[in-house]
Each structure stands twice: as C-alpha cells, then as structure tokens.
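Following: one structure in structure tokens, then a few remarks.
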Amino acid sequence: MLSIVKSIGLQGLNGYFINIEVDISNGMPCFEIVGLPDASIKESKERVRTAIKNSGFETLSKRIIINLAPANIRKEGSSLDFPIAMGVLIASEKVNNNNLNRFLGESIFIGELSLDGDVEKVNGILPITIEAKKLGIKRIVLPKKNAKEAAIIEGLEVLPINNIREIVSFLNNECNIKNEINQTNLIMNNKYSVDFSDIKGQENAKRALEISAAGGHNCVLIRRARGWKNYARQKITKYIT
C-alpha cells in the first residue's frame, strides 16, 4: 500500500513541501530511504523501526521504500522521523479513517522520535509554522514541547503530540487532541524612529543583521578604513624589499 504524508523543509527562511511517500510491498525485507537524505535522515530508519515496535505496533517484514520528494533537494535534520513513521503506519493500514486523505492533505507532520515512540522537540518550529500558513496548510501536528511556539501564528490548528500511539488513536477516533491555544501576549509595535529604510546601500550588512536578529545571534560589523588597500600594499612592498 502507498501512503503520502506532508512535511516542510527550510532553505534559509523559505519553506518548501516535502512529500514522504511510503510504499510497502511483498519482496525481500528492507527499509530504504531515497530522495537525497543526509546522514541523520538515513539513520532515522533505525529510530523509526524501533519506535514503531516499542509503541506496540507490528513491524512488517516486507519491502518498505520511502521517497522524500522533491528528490532533487537535499533533506537535512531529524524532524522527518515523525512523518516517516506516520507514513509507515498508514501504509501498514494501522489507521482506519474515512477522512484520512483529507486530513493528510490539510496537515503537515514535524518531530523527532525517541526509541520508545515519544515525539521529541525540534528546532525551527516558528519559521516552519509561518511557511506552513503561507503554503495554505490548515493544521500542523508536532511535539507537545513545540506547541506553544507554533501557536503564536494565528489561523493555524496546532495539534500537540506526546507519542505516535496518541496520534494513531486520534486518527482512529479513539481519543481527542485539543488544539493548542496561544497564551503568549506579544506587543507588536511597528512604529520605530529609525529603520533600515534610512540606510542607503549596505545590502550585505543589513542582511547579516536581519539574520542575526531573527535567530538571536551575535553580530560584529568591522568598518574598513579608507585607503586600507594602499596602506597594506605599501607595508607588503616595504617588507619584501
């Protein structure tokens, strides 16, 4: 059986869809991930297989092929563990829901898995959530530890998950998961006395400051003195002669 689960990857601050396509068929037992995965994603097959087993689901001794589309973009990080596991469980027919295709079409899945099946916190949830809303996604299923951060973005349903047993029970209509409500009071003031519009040119410097501010990083700007090239050339010439 074939299943398709959506997730989102980031290139800088821009997001793109990742379709986790899982096919389970008869044949020589294997578990392969294709579609330009990095080392952490290649290792995820062991985390996924063990997490599924320790969550009480039968691991199939079949041919399991997982494709991360689009295949021409390199995928990085461990945030695809959870959607890969969901794809395997759905393709294994562990989920029975008449509205499953609609749910999957409107949702993305993000999260790292521990070996006992718990869905662990990942980095970069806020930009992922912003991009999900831009791309027309209605719902994000993610680790409970990331739920408050994701709920800052309005107009998006946030479903916090503790483990993969919980989401399977939810999709099988055996339990309910409450949408995370934003409880963070952010004071947005867009009126500033100065901003980058007052600076002419210096695009590289402004871009560096923008990235530093967005990520909470430190930044050092060094102003080169006028005529420093001639000064350096004179010093080098004097040293050689």
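To be explicit about the labels: the chains of the structure tokens are called A, B, and onward in the order shown, and within each one the residues are counted from 1, while ligands get numbers from 1 in the order they are shown.
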(request) Tell me, as a ChimeraX atom specification, which residues lie within 12 Å of segment 198-214 of chain A, counting only C-alpha atoms; anything in the same chain fewer than 6 positions away does not count. (result) /A:12-13,124,126-127,192,220-223
(request) Run DSSP on the backbone and give me the residues of segment 1-174 of chain A it puts in helix (DSSP H, G or I), as a VMD selection string. (result) chain A and resid 39 to 54 81 to 91 100 to 106 125 to 134 144 to 150 164 to 171
(message) Among segment 47-224 of chain A, which residues does DSSP mark as strand (DSSP E) when it is run on the backbone? Keep the chain and numbering as in the structure and answer as an MDAnalysis selection string.
(response) chainID A and resid 63:69 107:109 112:113 119:120 139:143 157:161
Export of the given selection (N, CA and C atoms) as a PDB file, in the first residue's frame:
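See selection-v3.pdb below for the written result:
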ATOM      1  N   ARG A  63       9.033  -5.245   2.073  1.00  0.00           N
ATOM      2  CA  ARG A  63       9.870  -4.280   1.371  1.00  0.00           C
ATOM      3  C   ARG A  63       9.276  -2.882   1.580  1.00  0.00           C
ATOM      4  N   ILE A  64       9.969  -2.029   2.333  1.00  0.00           N
ATOM      5  CA  ILE A  64       9.498  -0.685   2.646  1.00  0.00           C
ATOM      6  C   ILE A  64      10.423   0.324   1.969  1.00  0.00           C
ATOM      7  N   ILE A  65       9.863   1.070   1.028  1.00  0.00           N
ATOM      8  CA  ILE A  65      10.619   2.084   0.306  1.00  0.00           C
ATOM      9  C   ILE A  65      10.021   3.448   0.636  1.00  0.00           C
ATOM     10  N   ILE A  66      10.871   4.388   1.053  1.00  0.00           N
ATOM     11  CA  ILE A  66      10.433   5.734   1.416  1.00  0.00           C
ATOM     12  C   ILE A  66      11.130   6.736   0.510  1.00  0.00           C
ATOM     13  N   ASN A  67      10.332   7.536  -0.177  1.00  0.00           N
ATOM     14  CA  ASN A  67      10.870   8.571  -1.059  1.00  0.00           C
ATOM     15  C   ASN A  67      10.542   9.941  -0.498  1.00  0.00           C
ATOM     16  N   LEU A  68      11.563  10.803  -0.405  1.00  0.00           N
ATOM     17  CA  LEU A  68      11.390  12.175   0.069  1.00  0.00           C
ATOM     18  C   LEU A  68      11.380  13.095  -1.144  1.00  0.00           C
ATOM     19  N   ALA A  69      10.194  13.517  -1.542  1.00  0.00           N
ATOM     20  CA  ALA A  69      10.055  14.340  -2.741  1.00  0.00           C
ATOM     21  C   ALA A  69       9.887  15.812  -2.344  1.00  0.00           C
ATOM     22  N   SER A 107      -2.643  18.828   6.372  1.00  0.00           N
ATOM     23  CA  SER A 107      -1.773  18.791   7.549  1.00  0.00           C
ATOM     24  C   SER A 107      -0.319  18.568   7.179  1.00  0.00           C
ATOM     25  N   ILE A 108       0.561  19.030   8.052  1.00  0.00           N
ATOM     26  CA  ILE A 108       1.969  18.647   7.985  1.00  0.00           C
ATOM     27  C   ILE A 108       2.364  18.034   9.326  1.00  0.00           C
ATOM     28  N   PHE A 109       3.374  17.175   9.290  1.00  0.00           N
ATOM     29  CA  PHE A 109       3.864  16.484  10.479  1.00  0.00           C
ATOM     30  C   PHE A 109       5.333  16.852  10.680  1.00  0.00           C
ATOM     31  N   GLU A 112      10.916  14.688  15.944  1.00  0.00           N
ATOM     32  CA  GLU A 112      11.937  13.640  16.072  1.00  0.00           C
ATOM     33  C   GLU A 112      11.400  12.545  16.970  1.00  0.00           C
ATOM     34  N   LEU A 113      11.822  11.318  16.742  1.00  0.00           N
ATOM     35  CA  LEU A 113      11.348  10.188  17.529  1.00  0.00           C
ATOM     36  C   LEU A 113      12.434   9.668  18.458  1.00  0.00           C
ATOM     37  N   VAL A 119       7.480  11.616  20.738  1.00  0.00           N
ATOM     38  CA  VAL A 119       7.799  12.626  19.720  1.00  0.00           C
ATOM     39  C   VAL A 119       8.537  13.762  20.417  1.00  0.00           C
ATOM     40  N   GLU A 120       9.799  13.971  20.028  1.00  0.00           N
ATOM     41  CA  GLU A 120      10.672  14.916  20.731  1.00  0.00           C
ATOM     42  C   GLU A 120      10.714  16.275  20.044  1.00  0.00           C
ATOM     43  N   ARG A 139      -3.277  22.782   9.269  1.00  0.00           N
ATOM     44  CA  ARG A 139      -3.029  22.067  10.534  1.00  0.00           C
ATOM     45  C   ARG A 139      -1.575  21.596  10.592  1.00  0.00           C
ATOM     46  N   ILE A 140      -0.980  21.682  11.780  1.00  0.00           N
ATOM     47  CA  ILE A 140       0.366  21.148  11.988  1.00  0.00           C
ATOM     48  C   ILE A 140       0.343  20.215  13.188  1.00  0.00           C
ATOM     49  N   VAL A 141       0.861  19.005  13.005  1.00  0.00           N
ATOM     50  CA  VAL A 141       0.943  18.002  14.065  1.00  0.00           C
ATOM     51  C   VAL A 141       2.405  17.927  14.478  1.00  0.00           C
ATOM     52  N   LEU A 142       2.681  18.199  15.743  1.00  0.00           N
ATOM     53  CA  LEU A 142       4.061  18.403  16.164  1.00  0.00           C
ATOM     54  C   LEU A 142       4.254  18.009  17.623  1.00  0.00           C
ATOM     55  N   PRO A 143       5.498  17.983  18.124  1.00  0.00           N
ATOM     56  CA  PRO A 143       5.740  17.637  19.532  1.00  0.00           C
ATOM     57  C   PRO A 143       5.068  18.620  20.481  1.00  0.00           C
ATOM     58  N   GLU A 157      -4.287  25.455  12.935  1.00  0.00           N
ATOM     59  CA  GLU A 157      -4.601  24.500  14.001  1.00  0.00           C
ATOM     60  C   GLU A 157      -3.334  23.764  14.414  1.00  0.00           C
ATOM     61  N   VAL A 158      -3.060  23.766  15.706  1.00  0.00           N
ATOM     62  CA  VAL A 158      -1.845  23.142  16.242  1.00  0.00           C
ATOM     63  C   VAL A 158      -2.246  21.962  17.109  1.00  0.00           C
ATOM     64  N   LEU A 159      -1.826  20.747  16.710  1.00  0.00           N
ATOM     65  CA  LEU A 159      -2.144  19.539  17.467  1.00  0.00           C
ATOM     66  C   LEU A 159      -0.878  19.030  18.153  1.00  0.00           C
ATOM     67  N   PRO A 160      -0.764  19.185  19.477  1.00  0.00           N
ATOM     68  CA  PRO A 160       0.422  18.717  20.201  1.00  0.00           C
ATOM     69  C   PRO A 160       0.356  17.214  20.466  1.00  0.00           C
ATOM     70  N   ILE A 161       1.460  16.522  20.199  1.00  0.00           N
ATOM     71  CA  ILE A 161       1.504  15.063  20.312  1.00  0.00           C
ATOM     72  C   ILE A 161       2.607  14.655  21.281  1.00  0.00           C
TER      73      ILE A 161
END
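Note that atom CA of Ala91 of chain A and atom CA of Met1 of chain A are 5.2 Å apart.
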(message) I want to know what sits within 10 Å of Asp118 of chain A, based on only C-alpha atoms, with residues of the same chain fewer than 5 positions away left out; could you give that as a ChimeraX atom specification?
(response) /A:51,54-55,82,111-113,143,161-166
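Atom CA of Lys94 of chain A is positioned 15.2 Å from atom CA of Ser61 of chain A.
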